[in-house]
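Enquirer: Sharing a structure below in structure tokens format, with a few things to ask.
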Amino acid sequence: MSGHRRLTVDRIACDGRGLCAELLPELVVLDEWGYPILVGPDVPDELLSEARRAVTACPVLALRIERTRPGRT
């Protein structure tokens, strides 16, 4: 199934360590308390490996990449 990849953050699970922003600064910045803000949820193909690395490295598994079907948001 083809589709877009979207980065999501489970805000309840996240404890604000900021590793995602260190590993993926193109898509994640931190708010004033150290919690992630997604600059743009869509993951471009050229950043997919970095996004997967950030997802894998998240110590509380709060970061995910989800596939969306074309035409859905």
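FYI, nothing fancy with the structure tokens labels: chains A, B, ... in order, residues from 1 per chain, ligands from 1 as they appear.
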Excluding same-chain residues fewer than 6 positions from A:Leu19, what lies within 12 Å of it counting only C-alpha atoms, as a PyMOL selection string?
Expert: chain A and resi 25+28-30+34-36+51+53-63
Enquirer: Just to confirm, what's the straight-line distance from atom CA of A:Leu47 to atom CA of A:Ile12 in Å (one decimal)?
Expert: 25.2 Å
Enquirer: If you run DSSP on this backbone, which residues of stretch 12-42 of chain A come out as strand (DSSP E or B), and could you give them as a PyMOL selection string?
Expert: chain A and resi 28-30+36-38+42
Enquirer: With C-alpha atoms retained, export the selected residues as a PDB file, in the first residue's frame.
Expert:
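Contents of again10.pdb, as written:
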```
ATOM      1  CA  VAL A  28      11.137  18.336  15.500  1.00  0.00           C
ATOM      2  CA  VAL A  29      11.804  21.358  17.701  1.00  0.00           C
ATOM      3  CA  LEU A  30      11.383  21.621  21.448  1.00  0.00           C
ATOM      4  CA  PRO A  36       8.592  18.112  20.994  1.00  0.00           C
ATOM      5  CA  ILE A  37       6.695  20.210  18.496  1.00  0.00           C
ATOM      6  CA  LEU A  38       6.455  18.768  15.008  1.00  0.00           C
ATOM      7  CA  ASP A  42       4.872  14.560   6.853  1.00  0.00           C
TER       8      ASP A  42
END
```
Enquirer: Under the rule that only C-alpha atoms are counted, which of A:Leu48, A:Cys14, A:Glu26, A:Trp33 is the nearest residue to A:Glu66?
Expert: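 Looking only at the distances to A:Glu66, the closest residue turns out to be A:Leu48.
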Enquirer: Would you compute the distance between atom CA of A:Asp31 and atom CA of A:Arg17? Give it in Å to one decimal.
Expert: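 Going from atom CA of A:Asp31 over to atom CA of A:Arg17, I get 11.5 Å.
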Enquirer: Could you state the separation of atom CA of A:Pro41 and atom CA of A:Arg5 in Å, given to one decimal place?
Expert: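 Pair atom CA of A:Pro41 / atom CA of A:Arg5 returns 8.3 Å.
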Enquirer: Among chain A, which ones does DSSP place in alpha helix (DSSP H), written as a ChimeraX atom specification?
Expert: /A:19-23,48-57
Enquirer: Limited to all heavy atoms, could you put the picked residues into a file as an mmCIF file, in the first residue's frame?
Expert:
```cif
data_model
loop_
_atom_site.group_PDB
_atom_site.id
_atom_site.type_symbol
_atom_site.label_atom_id
_atom_site.label_comp_id
_atom_site.auth_asym_id
_atom_site.auth_seq_id
_atom_site.Cartn_x
_atom_site.Cartn_y
_atom_site.Cartn_z
ATOM 1 N N LEU A 19 15.528 13.862 22.762
ATOM 2 C CA LEU A 19 16.384 13.111 21.851
ATOM 3 C C LEU A 19 15.874 13.201 20.413
ATOM 4 O O LEU A 19 16.660 13.280 19.465
ATOM 5 C CB LEU A 19 16.476 11.659 22.305
ATOM 6 C CG LEU A 19 17.452 10.760 21.567
ATOM 7 C CD1 LEU A 19 18.869 11.324 21.632
ATOM 8 C CD2 LEU A 19 17.418 9.364 22.155
ATOM 9 N N CYS A 20 14.564 13.216 20.239
ATOM 10 C CA CYS A 20 13.992 13.291 18.886
ATOM 11 C C CYS A 20 14.421 14.571 18.167
ATOM 12 O O CYS A 20 14.731 14.554 16.974
ATOM 13 C CB CYS A 20 12.476 13.180 18.929
ATOM 14 S SG CYS A 20 11.660 14.359 20.025
ATOM 15 N N ALA A 21 14.466 15.670 18.881
ATOM 16 C CA ALA A 21 14.882 16.940 18.269
ATOM 17 C C ALA A 21 16.372 16.937 17.947
ATOM 18 O O ALA A 21 16.791 17.552 16.972
ATOM 19 C CB ALA A 21 14.540 18.104 19.190
ATOM 20 N N GLU A 22 17.151 16.245 18.733
ATOM 21 C CA GLU A 22 18.580 16.138 18.441
ATOM 22 C C GLU A 22 18.823 15.306 17.185
ATOM 23 O O GLU A 22 19.675 15.633 16.376
ATOM 24 C CB GLU A 22 19.325 15.493 19.615
ATOM 25 C CG GLU A 22 19.453 16.378 20.822
ATOM 26 C CD GLU A 22 20.212 15.690 21.950
ATOM 27 O OE1 GLU A 22 21.154 14.915 21.654
ATOM 28 O OE2 GLU A 22 19.852 15.911 23.109
ATOM 29 N N LEU A 23 18.059 14.231 17.034
ATOM 30 C CA LEU A 23 18.253 13.323 15.915
ATOM 31 C C LEU A 23 17.530 13.759 14.641
ATOM 32 O O LEU A 23 17.912 13.359 13.554
ATOM 33 C CB LEU A 23 17.785 11.917 16.298
ATOM 34 C CG LEU A 23 18.583 11.238 17.399
ATOM 35 C CD1 LEU A 23 17.937 9.928 17.794
ATOM 36 C CD2 LEU A 23 20.018 11.015 16.942
ATOM 37 N N LEU A 48 13.553 9.876 5.778
ATOM 38 C CA LEU A 48 12.945 8.676 6.343
ATOM 39 C C LEU A 48 13.901 7.896 7.239
ATOM 40 O O LEU A 48 13.524 7.470 8.330
ATOM 41 C CB LEU A 48 12.394 7.787 5.233
ATOM 42 C CG LEU A 48 11.640 6.550 5.709
ATOM 43 C CD1 LEU A 48 10.482 6.927 6.626
ATOM 44 C CD2 LEU A 48 11.155 5.748 4.512
ATOM 45 N N SER A 49 15.137 7.712 6.823
ATOM 46 C CA SER A 49 16.067 6.939 7.664
ATOM 47 C C SER A 49 16.356 7.659 8.974
ATOM 48 O O SER A 49 16.427 7.029 10.035
ATOM 49 C CB SER A 49 17.354 6.608 6.916
ATOM 50 O OG SER A 49 18.062 7.769 6.605
ATOM 51 N N GLU A 50 16.490 8.990 8.937
ATOM 52 C CA GLU A 50 16.697 9.755 10.171
ATOM 53 C C GLU A 50 15.463 9.693 11.069
ATOM 54 O O GLU A 50 15.572 9.582 12.291
ATOM 55 C CB GLU A 50 17.044 11.209 9.865
ATOM 56 C CG GLU A 50 18.413 11.402 9.258
ATOM 57 C CD GLU A 50 18.404 11.297 7.736
ATOM 58 O OE1 GLU A 50 17.406 10.847 7.152
ATOM 59 O OE2 GLU A 50 19.423 11.676 7.132
ATOM 60 N N ALA A 51 14.287 9.737 10.464
ATOM 61 C CA ALA A 51 13.049 9.653 11.248
ATOM 62 C C ALA A 51 12.927 8.286 11.910
ATOM 63 O O ALA A 51 12.566 8.184 13.094
ATOM 64 C CB ALA A 51 11.844 9.932 10.357
ATOM 65 N N ARG A 52 13.255 7.242 11.185
ATOM 66 C CA ARG A 52 13.217 5.888 11.773
ATOM 67 C C ARG A 52 14.212 5.760 12.915
ATOM 68 O O ARG A 52 13.926 5.134 13.934
ATOM 69 C CB ARG A 52 13.500 4.847 10.698
ATOM 70 C CG ARG A 52 12.342 4.648 9.761
ATOM 71 C CD ARG A 52 12.638 3.593 8.724
ATOM 72 N NE ARG A 52 11.471 3.342 7.913
ATOM 73 C CZ ARG A 52 11.507 2.931 6.658
ATOM 74 N NH1 ARG A 52 12.675 2.721 6.060
ATOM 75 N NH2 ARG A 52 10.396 2.723 5.991
ATOM 76 N N ARG A 53 15.365 6.363 12.754
ATOM 77 C CA ARG A 53 16.381 6.337 13.819
ATOM 78 C C ARG A 53 15.852 7.043 15.074
ATOM 79 O O ARG A 53 16.026 6.569 16.199
ATOM 80 C CB ARG A 53 17.658 6.991 13.330
ATOM 81 C CG ARG A 53 18.765 6.977 14.337
ATOM 82 C CD ARG A 53 20.053 7.515 13.730
ATOM 83 N NE ARG A 53 21.026 7.692 14.775
ATOM 84 C CZ ARG A 53 21.788 8.749 14.904
ATOM 85 N NH1 ARG A 53 21.726 9.732 14.041
ATOM 86 N NH2 ARG A 53 22.640 8.833 15.887
ATOM 87 N N ALA A 54 15.200 8.195 14.891
ATOM 88 C CA ALA A 54 14.640 8.929 16.027
ATOM 89 C C ALA A 54 13.534 8.131 16.711
ATOM 90 O O ALA A 54 13.457 8.093 17.943
ATOM 91 C CB ALA A 54 14.115 10.285 15.564
ATOM 92 N N VAL A 55 12.695 7.474 15.926
ATOM 93 C CA VAL A 55 11.621 6.640 16.492
ATOM 94 C C VAL A 55 12.215 5.502 17.311
ATOM 95 O O VAL A 55 11.792 5.242 18.439
ATOM 96 C CB VAL A 55 10.709 6.093 15.360
ATOM 97 C CG1 VAL A 55 9.804 4.986 15.869
ATOM 98 C CG2 VAL A 55 9.895 7.224 14.751
ATOM 99 N N THR A 56 13.211 4.849 16.772
ATOM 100 C CA THR A 56 13.848 3.723 17.462
ATOM 101 C C THR A 56 14.563 4.166 18.732
ATOM 102 O O THR A 56 14.563 3.459 19.737
ATOM 103 C CB THR A 56 14.857 3.030 16.522
ATOM 104 O OG1 THR A 56 14.154 2.595 15.357
ATOM 105 C CG2 THR A 56 15.515 1.842 17.184
ATOM 106 N N ALA A 57 15.145 5.366 18.698
ATOM 107 C CA ALA A 57 15.924 5.851 19.838
ATOM 108 C C ALA A 57 15.071 6.431 20.968
ATOM 109 O O ALA A 57 15.570 6.604 22.080
ATOM 110 C CB ALA A 57 16.919 6.913 19.373
#
```
